[in-house]
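First comes the structure, then the notes that go with it.
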Amino acid sequence: MAVLIDLVHVRKARRLFQLLLERNGLRHYLEGDRERAFKIDPTKLESAVTMCSEWACLRTGTTTTEETVDWLRKDLRRMLIQAVAESMVRAGY
């Protein structure tokens with residue numbers, strides 16, 4: 001069975017998440033102290049997914065399917081991992 005993903009919702013949610021990442025900083029989405037500096041906090045990631053998904057629903061006027069939310073969760077996690085990797089390269093790791 002085919003899975004339908006609303007790419008308009010994903011695009012709008014990604015844009016909001018990039019704004020949140022710029023505003024709050026990468027450190028907001030990571031848990032622990034300096035020893036565990038690169039572990040993603042699942043509760044903050046889930047709250048960001050929920051907020052971005054609901055915001056996309058408000059902007060488009062349509063509801064988001066569960067498949068779209070799952071795909072968005074994976075995509076935002078990938079964006080966080082990419083931001084962590086970029087910061088590590090800038091720091092010289």
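In the structure tokens, chains take letters A, B, ... by order of appearance, with residues numbered from 1 within each chain and ligands from 1 in the order shown.
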
Open item on the list: From a backbone DSSP assignment, name each residue in chain A labelled strand (DSSP E), as a list in words.
Closed with: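 Going through chain A, the strand (DSSP E) residues come out as Leu30, Glu31, Lys39 and Ile40 of chain A.
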
Selection from above, C-alpha atoms, as a PDB file, in the first residue's frame, can you write it?
```pdb
ATOM      1  CA  LEU A  30      20.614  18.399  22.954  1.00  0.00           C
ATOM      2  CA  GLU A  31      20.463  16.768  26.367  1.00  0.00           C
ATOM      3  CA  LYS A  39      22.810  13.358  22.288  1.00  0.00           C
ATOM      4  CA  ILE A  40      19.457  14.598  20.964  1.00  0.00           C
TER       5      ILE A  40
END
```

Task: Distance query Cys52 of chain A at most 10 Å, only C-alpha atoms, self and fewer than 5 positions along chain excluded, as a list in words - done: His9, Val10, Lys12, Ala13, Arg14, Arg15, Leu16, Phe17, Leu20, Glu46, Ser47, Cys57, Leu58, Val69, Leu72, Arg73 and Leu76 of chain A
